[in-house]
Amino acid sequence: MEQQQQPYPQAGARVLVVDDDPTVAEVVSGYLDRAGYVVDRAGDGPDALARAAAHRPDLVVLDLMLPGMDGLEVCRRIRGEAPVPVIMLTARGDEDDRILGLEVGADDYVTKPFSPRELVLRVQSVLRRTLPARAGGTPVAHPAGTLRAAGLSVDPAARRALKDDAELALTIREFDLLAFFLRHPGRAFSREDLMREVWGWDFGDLSTVTVHVRRLRGKVEDDPARPRLIQTVWGVGYRFDSAGPSPDPEA
């Protein structure tokens with residue numbers, strides 16, 4: 001098809017595929033290679049860490065269930081070295097494991113069995129945020145200027161976020177979510193809205209949004225258990241209150 005011949009904007013980006021199933025690894029690597037990515041492969045956790053250390057990847061596709069060292073630990077260690085985006089591969093139905101993957105810093109996950117074409121689109125979606133100008137790609141448009149509210153400062157062009165002048169360690173999706181909230185203070189958004197506007201998807205597991213909101217609260221709220229900035233709007237979704245609500249005297 002003519003559409004398949006269009007070059008991916010991040011052609012040449014390095015993707016590390018980590019899966020102990022050689023068939024899955026071969027299929028995924030083949031699709032990514034045809035999309036123009038430089039692909040490394042690893043069959044277990046230690047090999048993945050060694051390859052990531054030797055050639056830092058632009059993104060990691062990481063199976064959750066690995067022999068010896070599971071994907072959660074691999075994700076922790078890779079993310080501890082550098083803010084490399086990670087897409088987890090998980091078995092269908094293992095919701096707790098998927099949420100754990102997001103909690104340790106994975107940017108997205110795909111459930112097995114999955115469409116390799118869908119995975120390539122997920123890779124493209126994540127890399128579009130981090131490698132906007134790779135191989136002639138069109139840079140992601142950002143409104144001019146730094147976004148500021150409630151002691152937070154977000155520079156979309158430099159992809160830096162500060163809280164009270166201290167830099168925040170945010171994942172790609174956490175950063176995009178915070179920037180979106182700061183651009184739209186006082187407006188309530190459903191999880192479907194956020195998935196469409198921040199993730200760029202019209203479908204997906206909405207628990208992804210829930211987990212990222214919880215993680216973001218843990219980094220920007222003074223008391224994440226009693227959030228004052230990212231408010232839950234019951235029956236709707238979430239709203240960013242730029243000044244924070246007044247304390248509830250009865251709370």
# chains A, B, ... in the order shown; residues from 1 in each chain; ligands from 1
>>> select_by_dssp(residues="range 116-240 of chain A", states="alpha helix (DSSP H)", output="count of residues only")
45
>>> residues_around(residues="Phe114 in chain A", least_positions_apart="6", cutoff="12 Å", atoms="only C-alpha atoms", output="ChimeraX atom specification")
/A:24,27-28,88-92,120-122
>>> closest_residue(among="A:Ala35, A:Ala158, A:Leu177, A:Val86", to="Arg196 in chain A", atoms="only C-alpha atoms")
A:Leu177
>>> residues_around(residues="range 208-219 of chain A", least_positions_apart="2", cutoff="8 Å", atoms="only C-alpha atoms", output="VMD selection string")
chain A and resid 99 102 to 103 108 168 170 173 to 174 177 to 178 191 194 to 195 205 to 206 221 223 to 224 227 230
>>> closest_residue(among="A:Val74, A:Leu59, A:Val236, A:Leu32", to="Pro46 in chain A", atoms="only C-alpha atoms")
A:Val74
>>> atom_distance(atom1="CA of Asp165 in chain A", atom2="CA of Arg148 in chain A")
11.4 Å
>>> closest_residue(among="A:Val233, A:Val220, A:Ala54, A:Leu72", to="Asp164 in chain A", atoms="only C-alpha atoms")
A:Val220
>>> closest_residue(among="A:Asp58, A:Gly43, A:Tyr37, A:Phe189", to="Thr23 in chain A", atoms="only C-alpha atoms")
A:Gly43
>>> select_by_dssp(residues="range 95-236 of chain A", states="strand (DSSP E or B)", output="MDAnalysis selection string")
chainID A and resid 108:112 147:149 152:155 160:163 166:167 188:190 230:233
>>> atom_distance(atom1="CA of Ser207 in chain A", atom2="CA of Ile87 in chain A")
15.3 Å
>>> residues_around(residues="Gln231 in chain A", least_positions_apart="4", cutoff="10 Å", atoms="only C-alpha atoms", output="list in words")
Gly186, Ala188, Val213, Arg217, Arg226, Pro227, Gly237, Tyr238, Arg239, Phe240, Asp241, Gly244 and Pro245 of chain A
>>> write_last_selection(atoms="N, CA, C and O atoms", output="PDB file, in the first residue's frame")
ATOM      1  N   GLY A 186      -8.545  25.100  34.896  1.00  0.00           N
ATOM      2  CA  GLY A 186      -9.947  25.321  35.213  1.00  0.00           C
ATOM      3  C   GLY A 186     -10.925  24.528  34.389  1.00  0.00           C
ATOM      4  O   GLY A 186     -12.137  24.564  34.658  1.00  0.00           O
ATOM      5  N   ALA A 188     -12.473  20.902  33.013  1.00  0.00           N
ATOM      6  CA  ALA A 188     -12.563  19.485  33.362  1.00  0.00           C
ATOM      7  C   ALA A 188     -12.453  18.641  32.099  1.00  0.00           C
ATOM      8  O   ALA A 188     -13.086  18.949  31.083  1.00  0.00           O
ATOM      9  N   VAL A 213      -1.973  10.099  36.014  1.00  0.00           N
ATOM     10  CA  VAL A 213      -2.424  11.195  36.868  1.00  0.00           C
ATOM     11  C   VAL A 213      -1.932  10.976  38.293  1.00  0.00           C
ATOM     12  O   VAL A 213      -1.445  11.904  38.952  1.00  0.00           O
ATOM     13  N   ARG A 217       0.603  13.471  40.245  1.00  0.00           N
ATOM     14  CA  ARG A 217       0.264  14.058  41.542  1.00  0.00           C
ATOM     15  C   ARG A 217       1.387  13.825  42.553  1.00  0.00           C
ATOM     16  O   ARG A 217       1.699  14.703  43.364  1.00  0.00           O
ATOM     17  N   ARG A 226      -3.973  14.343  49.273  1.00  0.00           N
ATOM     18  CA  ARG A 226      -4.997  15.385  49.280  1.00  0.00           C
ATOM     19  C   ARG A 226      -4.632  16.411  48.207  1.00  0.00           C
ATOM     20  O   ARG A 226      -4.183  17.517  48.502  1.00  0.00           O
ATOM     21  N   PRO A 227      -4.777  16.029  46.941  1.00  0.00           N
ATOM     22  CA  PRO A 227      -4.327  16.894  45.850  1.00  0.00           C
ATOM     23  C   PRO A 227      -5.090  18.213  45.809  1.00  0.00           C
ATOM     24  O   PRO A 227      -6.306  18.255  45.956  1.00  0.00           O
ATOM     25  N   GLY A 237     -13.883  13.495  35.302  1.00  0.00           N
ATOM     26  CA  GLY A 237     -12.476  13.163  35.108  1.00  0.00           C
ATOM     27  C   GLY A 237     -11.598  14.007  36.002  1.00  0.00           C
ATOM     28  O   GLY A 237     -11.674  13.904  37.222  1.00  0.00           O
ATOM     29  N   TYR A 238     -10.814  14.913  35.389  1.00  0.00           N
ATOM     30  CA  TYR A 238      -9.846  15.690  36.150  1.00  0.00           C
ATOM     31  C   TYR A 238      -9.850  17.148  35.698  1.00  0.00           C
ATOM     32  O   TYR A 238     -10.166  17.468  34.548  1.00  0.00           O
ATOM     33  N   ARG A 239      -9.440  18.019  36.625  1.00  0.00           N
ATOM     34  CA  ARG A 239      -9.336  19.449  36.340  1.00  0.00           C
ATOM     35  C   ARG A 239      -8.091  19.986  37.044  1.00  0.00           C
ATOM     36  O   ARG A 239      -7.808  19.631  38.184  1.00  0.00           O
ATOM     37  N   PHE A 240      -7.357  20.854  36.341  1.00  0.00           N
ATOM     38  CA  PHE A 240      -6.200  21.491  36.951  1.00  0.00           C
ATOM     39  C   PHE A 240      -6.610  22.850  37.497  1.00  0.00           C
ATOM     40  O   PHE A 240      -7.057  23.731  36.753  1.00  0.00           O
ATOM     41  N   ASP A 241      -6.481  23.030  38.812  1.00  0.00           N
ATOM     42  CA  ASP A 241      -6.775  24.300  39.461  1.00  0.00           C
ATOM     43  C   ASP A 241      -5.467  25.043  39.681  1.00  0.00           C
ATOM     44  O   ASP A 241      -4.674  24.654  40.568  1.00  0.00           O
ATOM     45  N   GLY A 244      -5.048  26.202  43.145  1.00  0.00           N
ATOM     46  CA  GLY A 244      -5.357  25.222  44.171  1.00  0.00           C
ATOM     47  C   GLY A 244      -6.579  25.656  44.942  1.00  0.00           C
ATOM     48  O   GLY A 244      -6.785  26.848  45.175  1.00  0.00           O
ATOM     49  N   PRO A 245      -7.453  24.734  45.336  1.00  0.00           N
ATOM     50  CA  PRO A 245      -8.659  25.098  46.054  1.00  0.00           C
ATOM     51  C   PRO A 245      -8.355  25.524  47.491  1.00  0.00           C
ATOM     52  O   PRO A 245      -7.303  25.204  48.036  1.00  0.00           O
TER      53      PRO A 245
END
>>> closest_residue(among="A:Val104, A:Val123, A:Leu229, A:Ala52", to="Leu152 in chain A", atoms="only C-alpha atoms")
A:Leu229
>>> atom_distance(atom1="CA of Tyr109 in chain A", atom2="CA of Ala166 in chain A")
29.6 Å
>>> residues_around(residues="range 67-71 of chain A", least_positions_apart="2", cutoff="10 Å", atoms="only C-alpha atoms", output="list in words")
Val18, Asp19, Asp20, Gly43, Asp44, Gly45, Pro46, Ala48, Leu62, Asp63, Leu64, Met65, Glu73, Val74, Cys75, Arg76, Arg77, Met88, Leu89, Thr90 and Gly101 of chain A
>>> write_last_selection(atoms="N, CA, C and O atoms", output="PDB file, in the first residue's frame")
ATOM      1  N   VAL A  18      13.272  -6.200  23.796  1.00  0.00           N
ATOM      2  CA  VAL A  18      13.665  -7.167  24.819  1.00  0.00           C
ATOM      3  C   VAL A  18      12.531  -8.164  25.010  1.00  0.00           C
ATOM      4  O   VAL A  18      11.471  -7.829  25.544  1.00  0.00           O
ATOM      5  N   ASP A  19      12.750  -9.399  24.566  1.00  0.00           N
ATOM      6  CA  ASP A  19      11.733 -10.443  24.703  1.00  0.00           C
ATOM      7  C   ASP A  19      12.435 -11.793  24.623  1.00  0.00           C
ATOM      8  O   ASP A  19      13.282 -11.998  23.750  1.00  0.00           O
ATOM      9  N   ASP A  20      12.074 -12.699  25.537  1.00  0.00           N
ATOM     10  CA  ASP A  20      12.736 -14.008  25.531  1.00  0.00           C
ATOM     11  C   ASP A  20      12.111 -14.965  24.538  1.00  0.00           C
ATOM     12  O   ASP A  20      12.630 -16.070  24.336  1.00  0.00           O
ATOM     13  N   GLY A  43      17.500 -10.969  24.802  1.00  0.00           N
ATOM     14  CA  GLY A  43      16.608 -12.048  25.199  1.00  0.00           C
ATOM     15  C   GLY A  43      16.367 -12.153  26.689  1.00  0.00           C
ATOM     16  O   GLY A  43      15.555 -12.962  27.129  1.00  0.00           O
ATOM     17  N   ASP A  44      17.080 -11.342  27.486  1.00  0.00           N
ATOM     18  CA  ASP A  44      16.865 -11.370  28.932  1.00  0.00           C
ATOM     19  C   ASP A  44      17.286 -10.028  29.526  1.00  0.00           C
ATOM     20  O   ASP A  44      17.813  -9.160  28.831  1.00  0.00           O
ATOM     21  N   GLY A  45      17.050  -9.873  30.831  1.00  0.00           N
ATOM     22  CA  GLY A  45      17.315  -8.610  31.492  1.00  0.00           C
ATOM     23  C   GLY A  45      18.771  -8.173  31.470  1.00  0.00           C
ATOM     24  O   GLY A  45      19.074  -7.036  31.073  1.00  0.00           O
ATOM     25  N   PRO A  46      19.701  -9.029  31.907  1.00  0.00           N
ATOM     26  CA  PRO A  46      21.109  -8.619  31.900  1.00  0.00           C
ATOM     27  C   PRO A  46      21.615  -8.228  30.515  1.00  0.00           C
ATOM     28  O   PRO A  46      22.372  -7.261  30.375  1.00  0.00           O
ATOM     29  N   ALA A  48      19.785  -7.024  28.137  1.00  0.00           N
ATOM     30  CA  ALA A  48      19.147  -5.745  27.813  1.00  0.00           C
ATOM     31  C   ALA A  48      19.913  -4.588  28.448  1.00  0.00           C
ATOM     32  O   ALA A  48      20.173  -3.557  27.804  1.00  0.00           O
ATOM     33  N   LEU A  62       9.787  -3.610  25.838  1.00  0.00           N
ATOM     34  CA  LEU A  62      10.241  -4.482  26.921  1.00  0.00           C
ATOM     35  C   LEU A  62       9.154  -5.456  27.365  1.00  0.00           C
ATOM     36  O   LEU A  62       8.086  -5.036  27.827  1.00  0.00           O
ATOM     37  N   ASP A  63       9.430  -6.748  27.235  1.00  0.00           N
ATOM     38  CA  ASP A  63       8.502  -7.762  27.727  1.00  0.00           C
ATOM     39  C   ASP A  63       8.529  -7.774  29.253  1.00  0.00           C
ATOM     40  O   ASP A  63       9.598  -7.695  29.871  1.00  0.00           O
ATOM     41  N   LEU A  64       7.352  -7.857  29.858  1.00  0.00           N
ATOM     42  CA  LEU A  64       7.285  -7.842  31.316  1.00  0.00           C
ATOM     43  C   LEU A  64       7.825  -9.130  31.925  1.00  0.00           C
ATOM     44  O   LEU A  64       8.530  -9.114  32.937  1.00  0.00           O
ATOM     45  N   MET A  65       7.515 -10.259  31.295  1.00  0.00           N
ATOM     46  CA  MET A  65       7.915 -11.557  31.834  1.00  0.00           C
ATOM     47  C   MET A  65       9.210 -12.014  31.181  1.00  0.00           C
ATOM     48  O   MET A  65       9.215 -12.501  30.053  1.00  0.00           O
ATOM     49  N   GLU A  73      12.097  -4.763  36.833  1.00  0.00           N
ATOM     50  CA  GLU A  73      13.431  -4.424  37.317  1.00  0.00           C
ATOM     51  C   GLU A  73      14.285  -3.843  36.195  1.00  0.00           C
ATOM     52  O   GLU A  73      15.051  -2.889  36.413  1.00  0.00           O
ATOM     53  N   VAL A  74      14.153  -4.407  34.999  1.00  0.00           N
ATOM     54  CA  VAL A  74      14.896  -3.859  33.859  1.00  0.00           C
ATOM     55  C   VAL A  74      14.477  -2.420  33.609  1.00  0.00           C
ATOM     56  O   VAL A  74      15.315  -1.539  33.385  1.00  0.00           O
ATOM     57  N   CYS A  75      13.169  -2.168  33.674  1.00  0.00           N
ATOM     58  CA  CYS A  75      12.665  -0.813  33.465  1.00  0.00           C
ATOM     59  C   CYS A  75      13.216   0.139  34.522  1.00  0.00           C
ATOM     60  O   CYS A  75      13.668   1.244  34.204  1.00  0.00           O
ATOM     61  N   ARG A  76      13.192  -0.290  35.786  1.00  0.00           N
ATOM     62  CA  ARG A  76      13.712   0.556  36.868  1.00  0.00           C
ATOM     63  C   ARG A  76      15.171   0.936  36.613  1.00  0.00           C
ATOM     64  O   ARG A  76      15.570   2.092  36.777  1.00  0.00           O
ATOM     65  N   ARG A  77      15.962  -0.056  36.221  1.00  0.00           N
ATOM     66  CA  ARG A  77      17.394   0.203  36.050  1.00  0.00           C
ATOM     67  C   ARG A  77      17.674   1.078  34.837  1.00  0.00           C
ATOM     68  O   ARG A  77      18.525   1.986  34.890  1.00  0.00           O
ATOM     69  N   MET A  88       5.945  -1.325  27.467  1.00  0.00           N
ATOM     70  CA  MET A  88       5.892  -2.676  28.032  1.00  0.00           C
ATOM     71  C   MET A  88       5.023  -3.594  27.180  1.00  0.00           C
ATOM     72  O   MET A  88       3.983  -3.175  26.661  1.00  0.00           O
ATOM     73  N   LEU A  89       5.447  -4.847  27.069  1.00  0.00           N
ATOM     74  CA  LEU A  89       4.618  -5.899  26.491  1.00  0.00           C
ATOM     75  C   LEU A  89       4.116  -6.765  27.634  1.00  0.00           C
ATOM     76  O   LEU A  89       4.915  -7.293  28.405  1.00  0.00           O
ATOM     77  N   THR A  90       2.798  -6.887  27.776  1.00  0.00           N
ATOM     78  CA  THR A  90       2.227  -7.649  28.882  1.00  0.00           C
ATOM     79  C   THR A  90       1.201  -8.643  28.376  1.00  0.00           C
ATOM     80  O   THR A  90       0.633  -8.475  27.291  1.00  0.00           O
ATOM     81  N   GLY A 101       3.886  -1.745  35.792  1.00  0.00           N
ATOM     82  CA  GLY A 101       4.790  -1.266  34.757  1.00  0.00           C
ATOM     83  C   GLY A 101       4.719   0.239  34.581  1.00  0.00           C
ATOM     84  O   GLY A 101       5.733   0.917  34.466  1.00  0.00           O
TER      85      GLY A 101
END
>>> closest_residue(among="A:Leu119, A:Ala161, A:Ala149, A:Ala13", to="Tyr31 in chain A", atoms="only C-alpha atoms")
A:Leu119
>>> residues_around(residues="Thr171 in chain A", least_positions_apart="2", cutoff="9 Å", atoms="only C-alpha atoms", output="number ranges by chain")
A: 83-85, 105-107, 169, 173-176
>>> write_last_selection(atoms="C-alpha atoms", output="PDB file, in the first residue's frame")
ATOM      1  CA  PRO A  83      14.924   9.071  30.787  1.00  0.00           C
ATOM      2  CA  VAL A  84      14.567   6.491  28.019  1.00  0.00           C
ATOM      3  CA  PRO A  85      10.936   5.897  27.009  1.00  0.00           C
ATOM      4  CA  GLY A 105       8.056   4.538  34.683  1.00  0.00           C
ATOM      5  CA  ALA A 106       6.864   2.771  31.523  1.00  0.00           C
ATOM      6  CA  ASP A 107       5.341   5.261  29.089  1.00  0.00           C
ATOM      7  CA  ALA A 169      11.931  14.032  36.912  1.00  0.00           C
ATOM      8  CA  ARG A 173       3.664  11.139  29.243  1.00  0.00           C
ATOM      9  CA  GLU A 174       3.806  12.802  32.656  1.00  0.00           C
ATOM     10  CA  PHE A 175       5.424  15.850  31.071  1.00  0.00           C
ATOM     11  CA  ASP A 176       2.865  15.995  28.268  1.00  0.00           C
TER      12      ASP A 176
END
